[in-house]
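This report concerns only the one structure given below.
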Amino acid sequence: MANLVSFVHPLWDLQSFFIFDDFWQDQSDINWIDTITDTGTATMGDWANGQVELDPSDGTVGDNDECYLGSASENFLVAANRSLYYRTRISYAEQNTDDANIAVGFANAVAANLLVDDGAGMRTTGNIFAIVKVDGETLWRAVSRNGTAVNNTQSTTTAGVTTAQTGWQVLEIQVHDFDGGTNVQVTYAVDGLLLRDSNNLVIKHTVLIASSTEMQAFLAVKNGSTNNELLYSDYVFAGQTR
């Protein structure tokens with residue numbers, strides 16, 4: 001009977017640390033912390049399969065109103081012999097041509113202005129591995145940062161869908177230690193296809209590991225005009241080698 005203990009499900013997962021949320025419970029700032037600068041909301045409610053809706057402007061809609069959802073603690077860290085993986089299924093449709101600011105992935109200290117005002121992209125400090133869309137553009141960007149070392153590459157893949165909650169995109173980020181503890185290599189995918197740059201080359205970022213800090217998994221949306229931009233996520237998975 002004692003041998004049966006080795007076959008229980010938690011023991012199979014011990015080589016990895018991960019979080020997974022299907023967003024079937026109400027938002028309560030326990031598993032996820034929301035940061036909202038206007039009177040917006042992060043709502044987990046009565047949608048098929050569970051979803052979260054990030055609404056930056058539930059009251060008077062303003063340019064640069066924003067809404068973030070970050071995992072409760074900073075549990076993800078790049079290091080030697082450690083890989084990270086992030087995956088989410090999201091849906092958003094532009095309310096005004098190309099104005100939405102959207103980001104998903106890993107970042108330390110998720111807070112207001114993680115997405116900088118007026119389409120300026122991700123903040124310029126800390127650790128970030130993200131897939132991003134900025135005001136004024138319609139294509140996904142791949143962004144990686146460790147302190148002042150930053151990579152920001154526009155892809156050729158269209159961001160967003162025609163009708164929110166009808167069309168969906170699956171976004172993935174993979175971070176691998178590939179040279180024995182000096183650097184990680186980061187790749188990005190949408191709907192199972194690796195993001196490519198304007199030369200049709202797969203986007204691969206090389207990022208120094210030194211001085212990395214712990215990160216949260218996150219979702220983010222910021223208005224780029226006085227039109228309210230809503231972001232939906234069906235689920236989030238984030239994990240790392242233990």
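Chain lettering (A, B, ...) mirrors the order of the structure tokens, residue numbering begins at 1 for each chain separately, and ligand numbering begins at 1 in order of display.
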- Query: Among stretch 26-203 of chain A, which ones does DSSP place in strand (DSSP E), written as a ChimeraX atom specification?
  - Reply: /A:32-36,41-44,52-55,66-71,84-91,101-107,127-133,139-146,149-158,169-177,183-190,193-194
Find the residues of stretch 39-112 of chain A that sit at most 10 Å from stretch 209-216 of chain A; for each, write down the nearest two atoms and how far apart they are in Å, to one decimal. Count only C-alpha atoms. Sort by chain, then by number going up, and give it as a tab-separated table.
```
residue	atom	partner	partner_atom	distance
A:Leu69	CA	A:Gln216	CA	9.6
A:Gly70	CA	A:Gln216	CA	6.0
A:Ser71	CA	A:Gln216	CA	5.4
A:Ala72	CA	A:Gln216	CA	7.4
A:Ser73	CA	A:Gln216	CA	6.2
A:Glu74	CA	A:Met215	CA	4.5
A:Asn75	CA	A:Glu214	CA	6.0
A:Phe76	CA	A:Met215	CA	4.9
A:Leu77	CA	A:Glu214	CA	4.7
A:Val78	CA	A:Ile209	CA	6.4
A:Ala79	CA	A:Ile209	CA	6.1
A:Ala80	CA	A:Ile209	CA	7.8
A:Gly105	CA	A:Gln216	CA	8.3
A:Phe106	CA	A:Gln216	CA	5.5
A:Ala107	CA	A:Met215	CA	4.8
A:Asn108	CA	A:Met215	CA	3.9
A:Ala109	CA	A:Met215	CA	7.1
A:Val110	CA	A:Gln216	CA	7.1
```
Spatial neighbours of A:Thr97, 10 Å, only C-alpha atoms, chain gap at least 3 places, as a compact mmCIF listing (two decimals) with N, CA and C atoms, in the first residue's frame:
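out18.txt, written as the output of this step:
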```
# COMPACT_ATOMS: atom_id res chain seq x y z
N ALA A 93 -11.69 43.14 -28.92
CA ALA A 93 -11.95 43.76 -30.22
C ALA A 93 -11.80 45.27 -30.05
N GLU A 94 -11.05 45.89 -30.93
CA GLU A 94 -10.80 47.33 -30.83
C GLU A 94 -12.12 48.10 -30.85
N ALA A 100 -6.36 50.33 -28.48
CA ALA A 100 -6.19 49.54 -27.26
C ALA A 100 -4.71 49.29 -26.96
N ASP A 135 -1.20 51.24 -28.43
CA ASP A 135 -2.02 52.25 -29.10
C ASP A 135 -1.31 52.72 -30.38
N GLY A 136 -2.06 52.72 -31.48
CA GLY A 136 -1.51 53.16 -32.76
C GLY A 136 -1.03 52.02 -33.64
N GLU A 137 -1.03 50.78 -33.12
CA GLU A 137 -0.59 49.62 -33.90
C GLU A 137 -1.66 48.54 -33.85
N THR A 138 -1.56 47.58 -34.75
CA THR A 138 -2.52 46.48 -34.80
C THR A 138 -1.84 45.12 -34.78
```
- Note on the structure: Of A:Asp98, A:Asp179, A:Asp29, A:Asp38, the one nearest to A:Asp63 when counting only C-alpha atoms is A:Asp38
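Between A:Asn31 and the candidates A:Asn146, A:Gly239, A:Leu14, A:Phe218, the tightest atom-to-atom separation, counting only C-alpha atoms, involves A:Phe218.
Straight-line separation from atom CA of A:Asn101 to atom CA of A:Ser57: 13.6 Å.
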Nearby residues (only C-alpha atoms) at most 8 Å from A:Lys222, same-chain spacing under 3 positions excluded, as a PDB file with N, CA, C and O atoms, in the first residue's frame:
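The result, written out as around-v8.pdb:
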```
ATOM      1  N   PRO A  56     -11.358  48.807 -17.942  1.00  0.00           N
ATOM      2  CA  PRO A  56     -10.615  49.929 -17.356  1.00  0.00           C
ATOM      3  C   PRO A  56     -11.470  51.128 -16.960  1.00  0.00           C
ATOM      4  O   PRO A  56     -11.016  51.961 -16.174  1.00  0.00           O
ATOM      5  N   ASN A  64      -6.188  56.595 -21.203  1.00  0.00           N
ATOM      6  CA  ASN A  64      -5.189  56.047 -20.276  1.00  0.00           C
ATOM      7  C   ASN A  64      -5.777  55.440 -19.015  1.00  0.00           C
ATOM      8  O   ASN A  64      -5.013  55.074 -18.101  1.00  0.00           O
ATOM      9  N   ASP A  65      -7.096  55.300 -18.914  1.00  0.00           N
ATOM     10  CA  ASP A  65      -7.653  54.457 -17.862  1.00  0.00           C
ATOM     11  C   ASP A  65      -7.132  53.035 -18.064  1.00  0.00           C
ATOM     12  O   ASP A  65      -6.954  52.584 -19.198  1.00  0.00           O
ATOM     13  N   GLU A  66      -6.909  52.312 -16.955  1.00  0.00           N
ATOM     14  CA  GLU A  66      -6.247  51.011 -17.084  1.00  0.00           C
ATOM     15  C   GLU A  66      -6.755  50.022 -16.053  1.00  0.00           C
ATOM     16  O   GLU A  66      -7.297  50.403 -15.009  1.00  0.00           O
ATOM     17  N   CYS A  67      -6.552  48.741 -16.360  1.00  0.00           N
ATOM     18  CA  CYS A  67      -6.939  47.657 -15.456  1.00  0.00           C
ATOM     19  C   CYS A  67      -5.926  46.526 -15.593  1.00  0.00           C
ATOM     20  O   CYS A  67      -5.621  46.087 -16.703  1.00  0.00           O
ATOM     21  N   ALA A 100      -6.361  50.331 -28.481  1.00  0.00           N
ATOM     22  CA  ALA A 100      -6.192  49.539 -27.258  1.00  0.00           C
ATOM     23  C   ALA A 100      -4.713  49.285 -26.961  1.00  0.00           C
ATOM     24  O   ALA A 100      -3.896  49.115 -27.861  1.00  0.00           O
ATOM     25  N   ASN A 101      -4.396  49.261 -25.671  1.00  0.00           N
ATOM     26  CA  ASN A 101      -3.109  48.778 -25.174  1.00  0.00           C
ATOM     27  C   ASN A 101      -3.380  47.483 -24.410  1.00  0.00           C
ATOM     28  O   ASN A 101      -4.162  47.485 -23.446  1.00  0.00           O
ATOM     29  N   ILE A 102      -2.734  46.401 -24.818  1.00  0.00           N
ATOM     30  CA  ILE A 102      -2.964  45.080 -24.239  1.00  0.00           C
ATOM     31  C   ILE A 102      -1.613  44.457 -23.928  1.00  0.00           C
ATOM     32  O   ILE A 102      -0.661  44.599 -24.715  1.00  0.00           O
ATOM     33  N   LEU A 115       1.757  49.412 -18.236  1.00  0.00           N
ATOM     34  CA  LEU A 115       1.616  49.930 -19.594  1.00  0.00           C
ATOM     35  C   LEU A 115       1.666  51.454 -19.514  1.00  0.00           C
ATOM     36  O   LEU A 115       0.842  52.074 -18.849  1.00  0.00           O
ATOM     37  N   GLU A 229     -11.872  50.034 -23.758  1.00  0.00           N
ATOM     38  CA  GLU A 229     -11.339  48.807 -24.333  1.00  0.00           C
ATOM     39  C   GLU A 229     -11.443  47.676 -23.311  1.00  0.00           C
ATOM     40  O   GLU A 229     -10.855  47.756 -22.229  1.00  0.00           O
TER      41      GLU A 229
END
```
- Have a look at atom CA of A:Ala189 and atom CA of A:Ser225 and let me know their distance in Å, one decimal. 27.9 Å
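Of the residues under consideration (A:Ser144, A:Val221, A:Gln240, A:Leu195), A:Val221 shows the shortest atom-to-atom contact distance to A:Ala42 when counting only C-alpha atoms.
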- Query: Contacts of A:Phe178 at 9 Å or less, counting only C-alpha atoms, minus same-chain residues fewer than 5 places along, as a count of residues only?
  - Reply: 5
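Of the listed residues A:Gln174, A:Thr43, A:Tyr92, A:Ile128, the one whose atoms come nearest to A:Trp24 is A:Thr43, with distances taken using only C-alpha atoms.
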- Mind checking which residues fall within 9 Å of A:Ser155, counting only C-alpha atoms, ignoring those fewer than 6 positions away in the same chain, and posting them as a VMD selection string? chain A and resid 139 to 142 195 to 198 200 203
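Interatomic distance, atom CA of A:Gln154 against atom CA of A:Thr182: 25.4 Å.
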